[in-house]
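Read through the structure below, which is laid out as structure tokens, and then see the notes.
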There are 2 protein chains.
Amino acid sequence: MKTYLDCFPCFLEQALRAARIATDDEKKIKKVLDEVGMMLRNIPLESTPPESGKMIYNKVSEITGNLDPYREIKTESTKKALSLYPSLKSHVEKSNDRLLTAIRIAIAGNVIDFGPNLGFDLEDEIEEVLDKDFAICDYGSFKDRFNEAHEILYIGDNAGECVFDRVLIEEMKKPVIYVVRDVPIINDATYEDAVQAGIDQVATILSSGTDAPGTILKTCSAEFKKIYDSSEFIISKGQGNYEALSNERCPIFFLLKIKCRVIADDIGVGEGEIILKGTE
Amino acid sequence: MKTYLDCFPCFLEQALRAARIATDDEKKIKKVLDEVGMMLRNIPLESTPPESGKMIYNKVSEITGNLDPYREIKTESTKKALSLYPSLKSHVEKSNDRLLTAIRIAIAGNVIDFGPNLGFDLEDEIEEVLDKDFAICDYGSFKDRFNEAHEILYIGDNAGECVFDRVLIEEMKKPVIYVVRDVPIINDATYEDAVQAGIDQVATILSSGTDAPGTILKTCSAEFKKIYDSSEFIISKGQGNYEALSNERCPIFFLLKIKCRVIADDIGVGEGEIILKGTE
């Protein structure tokens, strides 16, 4: 997905939010705003938003000296999600279509996103997403492709959300490679976060090699790209991965909750909608 | 009022909104964002927001070549407000406290503000403000001072809002000098807008000399400052004038609707509240 004009004020908003989490020093926060402001002219509309996200959050770390401002928030998110794990499993147990319910749960977990938004109630969100109509639902082709697949490449998004992904992975009952960011960026899941969520018990965890808040292929490792290119079935979670991969070839299925108007308009749905969208 | 960290993303948001009203050319709009981004480092936290507003909106005009992007919106606002004028007068006629009702009407008109916000329904707003409790209501001292005053300096804010101010001016039944901006900035009222609203029939219209979206005294004309300094009773409408004058000496009464969280926090009230606040 390209960068839209509306992304620019949002970049500054995100820089401010991250800087405040990283430090209490108002002078440093002002410096972040100053420098991110100066970076805007170097962001072309043709780039994808996670490419800029990478530069912006790196600048926050550089100026504040805090390399992982969201560390505590991430650990808390995972703890909270783990406390909900039994009830997530029980939703799947009680449902008529276990796979679809597990997909809904994986999407509900996508609300744990501190990039575009700080305010959400996880339990309310789960209830809402379990009942909500999909704005786009390519479940038919998802199932067809899934049934044929021998292995699944599952590109994770945020810490905490991994616990929700684990419920879907457990339901798929096929070998899964679970992809995480290489280093901390916003509250995106790294290897450590995936392990805390218990993903190591149900999948092989692989770093994409990127330090961006989205799987921008040109920033990924050769190892990841080789696996990506040969994958027959890819699940991509969340907005950052959608922004990075939306113009890539099939077979990717995007699972996400729409948390920003720009992405909503790009996809052609409303804000707050849930999506299971294939690339073909 | 000082500039807060939260003002910076809002500056960019406002630049984007104004640029889109000024032009359809995406390249020019991007250039506005780039250049306003670079200006942020020159905005100290000690300056008042309208000082930056002036620079930002001037930059929008410079890049887009549109010196008065809000011209059409302003004319429409005034037309709309004039169509409501008879019903505004009838609200005053029917009320038990005509002066307070006229103050409420003047505050209701303050919702016509295209700086912080584009979305409002004028008729709904009037009904709401007529019934709403004031978050701060220095009406007692307002009346005391008003009764003693021989002349009122009334600092206007936005086009369209002038019609609502006219209702209050008519109710005050004392000589009024009505202050407008010197040149177009956002949708702020200029001489032309005040005349379109019929203010010339009820008051003497005076330019403050400023080209900022707020009465920053150091940018005002010597003529205006002389009158300002000798005024015994000043009414200041809206956020921009509050931001510029909040640290000035008495006797100013600020009439406004709070449309931004930063100003709400500065005053210590909630967003959406209405205020009649004296400086003493």
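Ordering of the structure tokens sets the chain letters (A, B, ...); residue numbers start at 1 within each chain; ligands are numbered from 1 in the order shown.
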- prompt: Would you give me, as a PyMOL selection string, the residues in segment 154-188 of chain A that DSSP reads as strand (DSSP E or B)?
  reply: chain A and resi 154-155+158+176-181+188
task: Write out as a ChimeraX atom specification each polymer residue whose atoms come within 9 Å of segment 5-21 of chain B, counting only C-alpha atoms; drop sequence neighbours fewer than 6 positions from it.
output: /A:5-6,8-13,16,26,29-30,33 /B:28-30,32-33,36-37,40,43,45,49,52-53,56-57,59-61,63-64,69-70,114-118,186,261-262
Written file, previous selection with C-alpha atoms, as a short mmCIF file (atom, residue, chain, number, x, y, z; two decimals), in the first residue's frame:
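Final output, result_0.cif:
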```
data_model
loop_
_atom_site.label_atom_id
_atom_site.label_comp_id
_atom_site.auth_asym_id
_atom_site.auth_seq_id
_atom_site.Cartn_x
_atom_site.Cartn_y
_atom_site.Cartn_z
CA LEU A 5 -1.33 12.37 2.60
CA ASP A 6 -3.27 11.58 5.77
CA PHE A 8 1.85 12.36 7.55
CA PRO A 9 0.06 13.92 10.54
CA CYS A 10 -0.36 10.36 11.83
CA PHE A 11 3.41 9.77 11.60
CA LEU A 12 3.93 12.77 13.86
CA GLU A 13 1.17 11.60 16.19
CA LEU A 16 4.77 11.80 19.88
CA GLU A 26 9.86 17.15 27.30
CA ILE A 29 10.15 14.66 23.00
CA LYS A 30 10.20 18.06 21.30
CA LEU A 33 8.90 16.05 16.83
CA LYS B 28 1.49 20.87 -3.84
CA ILE B 29 -0.25 19.40 -0.81
CA LYS B 30 2.70 17.08 -0.21
CA VAL B 32 2.93 21.87 2.17
CA LEU B 33 3.38 18.88 4.50
CA VAL B 36 5.39 22.63 7.48
CA GLY B 37 7.22 19.54 8.79
CA LEU B 40 8.20 22.54 13.41
CA ILE B 43 8.28 26.58 16.83
CA LEU B 45 6.97 25.59 23.22
CA PRO B 49 -0.36 28.48 18.98
CA SER B 52 2.50 29.15 14.55
CA GLY B 53 -0.94 29.09 12.93
CA ILE B 56 1.51 27.54 8.76
CA TYR B 57 -1.50 29.00 6.99
CA LYS B 59 2.85 28.63 4.00
CA VAL B 60 -0.29 26.95 2.66
CA SER B 61 -1.17 30.14 0.76
CA ILE B 63 2.64 27.01 -1.88
CA THR B 64 -0.87 26.64 -3.24
CA PRO B 69 -8.84 29.16 0.66
CA TYR B 70 -11.77 29.52 3.06
CA PHE B 114 -12.56 25.33 10.51
CA GLY B 115 -9.16 25.33 12.26
CA PRO B 116 -9.43 22.46 14.73
CA ASN B 117 -12.48 20.81 13.26
CA LEU B 118 -14.60 20.53 10.13
CA ILE B 186 -8.43 30.21 8.07
CA ARG B 261 -8.15 18.71 24.23
CA VAL B 262 -5.05 20.84 24.69
#
```
- line: From atom CA of Cys220 of chain A to atom CA of Ile185 of chain A the spacing works out at 14.4 Å
Long-range neighbours of segment 208-217 of chain B as JSON, numbers by chain, 9 Å cut-off, only C-alpha atoms, 3 positions minimum in chain: {"B": [48, 49, 50, 51, 52, 53, 54, 55, 57, 115, 155, 157, 179, 180, 181, 182, 183, 184, 185, 186, 187, 188, 220, 221, 222, 223, 224, 225, 238, 239, 240, 241, 242, 243, 244, 245]}
What would the file look like if the residues just selected were written as a short mmCIF file (atom, residue, chain, number, x, y, z; two decimals), in the first residue's frame with C-alpha atoms?
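Saved to part-v8.cif:
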```cif
data_model
loop_
_atom_site.label_atom_id
_atom_site.label_comp_id
_atom_site.auth_asym_id
_atom_site.auth_seq_id
_atom_site.Cartn_x
_atom_site.Cartn_y
_atom_site.Cartn_z
CA THR B 48 1.39 30.82 21.45
CA PRO B 49 -0.36 28.48 18.98
CA PRO B 50 -1.77 31.31 16.80
CA GLU B 51 1.80 32.53 16.11
CA SER B 52 2.50 29.15 14.55
CA GLY B 53 -0.94 29.09 12.93
CA LYS B 54 -0.02 32.27 11.10
CA MET B 55 3.20 30.78 9.72
CA TYR B 57 -1.50 29.00 6.99
CA GLY B 115 -9.16 25.33 12.26
CA ILE B 155 -12.85 40.75 19.65
CA ASP B 157 -13.34 35.17 15.85
CA VAL B 179 -12.48 43.69 16.15
CA VAL B 180 -11.65 41.60 13.09
CA ARG B 181 -8.48 40.16 11.56
CA ASP B 182 -6.66 42.36 9.07
CA VAL B 183 -6.38 39.73 6.32
CA PRO B 184 -7.93 36.34 5.60
CA ILE B 185 -6.56 33.51 7.79
CA ILE B 186 -8.43 30.21 8.07
CA ASN B 187 -12.11 31.14 8.35
CA ASP B 188 -11.48 34.02 10.75
CA CYS B 220 -1.42 44.12 16.08
CA SER B 221 -1.51 47.73 14.83
CA ALA B 222 -0.60 50.67 17.07
CA GLU B 223 -4.13 51.98 16.60
CA PHE B 224 -5.66 48.77 17.87
CA LYS B 225 -3.22 48.45 20.79
CA GLY B 238 -13.03 31.73 20.59
CA GLN B 239 -9.95 29.58 20.99
CA GLY B 240 -7.46 31.54 18.87
CA ASN B 241 -8.06 34.73 20.85
CA TYR B 242 -7.93 32.79 24.11
CA GLU B 243 -4.59 31.24 23.14
CA ALA B 244 -3.22 34.67 22.27
CA LEU B 245 -4.66 36.63 25.22
#
```
task: Identify which of the residues B:Asn42, B:Ser90, B:Asn147, B:Thr23 lies closest to chain A, counting only C-alpha atoms when measuring atom-to-atom distances.
output: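 Closest to chain A of all the choices is B:Asn42.
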- request: May I ask for the distance between atom CA of Asp131 of chain A and atom CA of Leu168 of chain A, given in Å to one decimal place?
  value: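 One can read the atom CA of Asp131 of chain A to atom CA of Leu168 of chain A distance as 17.0 Å.
Interatomic distance, atom CA of Ser141 of chain A against atom CA of Glu127 of chain A: 25.7 Å.
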message: Show me, as a count of residues only, the residues that have an atom within 9 Å of Ala108 of chain A when counting only C-alpha atoms, minus same-chain residues fewer than 2 positions from it.
response: 19
- request: May I have the residues within 10 Å of Gly198 of chain B as a ChimeraX atom specification, using only C-alpha atoms and disregarding those fewer than 3 positions away in the same chain?
  value: /B:78,82,162-163,166,192-195,201-203
Written file, previous selection with C-alpha atoms, as a PDB file, in the first residue's frame:
```
ATOM      1  CA  THR B  78     -22.437  33.787   6.976  1.00  0.00           C
ATOM      2  CA  LEU B  82     -28.082  34.916   8.637  1.00  0.00           C
ATOM      3  CA  CYS B 162     -20.285  37.320  13.552  1.00  0.00           C
ATOM      4  CA  VAL B 163     -24.045  36.929  13.091  1.00  0.00           C
ATOM      5  CA  ARG B 166     -24.458  40.593  16.469  1.00  0.00           C
ATOM      6  CA  GLU B 192     -15.774  42.031   4.786  1.00  0.00           C
ATOM      7  CA  ASP B 193     -17.184  39.104   6.783  1.00  0.00           C
ATOM      8  CA  ALA B 194     -18.325  41.368   9.593  1.00  0.00           C
ATOM      9  CA  VAL B 195     -20.124  43.628   7.109  1.00  0.00           C
ATOM     10  CA  GLN B 201     -25.189  48.305  11.544  1.00  0.00           C
ATOM     11  CA  VAL B 202     -24.640  47.682  15.264  1.00  0.00           C
ATOM     12  CA  ALA B 203     -20.946  48.394  15.957  1.00  0.00           C
TER      13      ALA B 203
END
```
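Closest to chain B among A:Thr3, A:Asn66, A:Ser95, A:Ser231 is A:Thr3, based on only C-alpha atoms.
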message: Let me make sure I understand: among A:Glu271, A:Asp200, A:Asp34, A:Asp138, which one has the smallest atom-to-atom distance to Leu255 of chain A if we use only C-alpha atoms?
response: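 For Leu255 of chain A, the nearest of the given residues is A:Asp138.
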query: Quick one: residues within 9 Å of Ile136 of chain A, only C-alpha atoms counted, chain neighbours fewer than 6 positions away excluded, as a PyMOL selection string?
result: chain A and resi 269+273-277
Emit the selected residues as a compact mmCIF listing (two decimals), in the first residue's frame, including N, CA and C atoms.
```txt
# COMPACT_ATOMS: atom_id res chain seq x y z
N VAL A 269 -13.46 -0.46 2.63
CA VAL A 269 -14.41 -0.86 3.68
C VAL A 269 -14.44 0.23 4.75
N GLU A 273 -13.98 -2.42 10.71
CA GLU A 273 -14.42 -3.68 10.10
C GLU A 273 -13.37 -4.77 10.29
N ILE A 274 -13.81 -6.03 10.14
CA ILE A 274 -12.87 -7.15 10.16
C ILE A 274 -12.81 -7.78 8.77
N ILE A 275 -11.65 -8.28 8.47
CA ILE A 275 -11.32 -8.68 7.10
C ILE A 275 -10.63 -10.05 7.08
N LEU A 276 -11.11 -10.92 6.18
CA LEU A 276 -10.35 -12.11 5.79
C LEU A 276 -10.27 -12.03 4.28
N LYS A 277 -9.14 -11.55 3.80
CA LYS A 277 -9.04 -11.16 2.39
C LYS A 277 -7.90 -11.89 1.70
```
task: as a VMD selection string, list the residues of segment 92-151 of chain B assigned to alpha helix (DSSP H) by DSSP on the backbone atoms of this structure.
output: chain B and resid 92 to 94 98 to 109 122 to 131 139 to 148
field: Option closest in space to chain A, from B:Asp124, B:Asp25, B:Glu76, B:Glu151 [counting only C-alpha atoms]
entry: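 So, comparing all the options, the nearest one is B:Asp25.
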10 Å contact set for Glu123 of chain B, only C-alpha atoms, chain neighbours under 6 positions out, as a ChimeraX atom specification: /B:80-81,84,108-109
message: Under the rule that only C-alpha atoms are counted, which of B:Ile73, B:Ala264, B:Val92, B:Ile177 is the nearest residue to Tyr154 of chain B?
response: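 For Tyr154 of chain B, the nearest of the given residues is B:Ile177.
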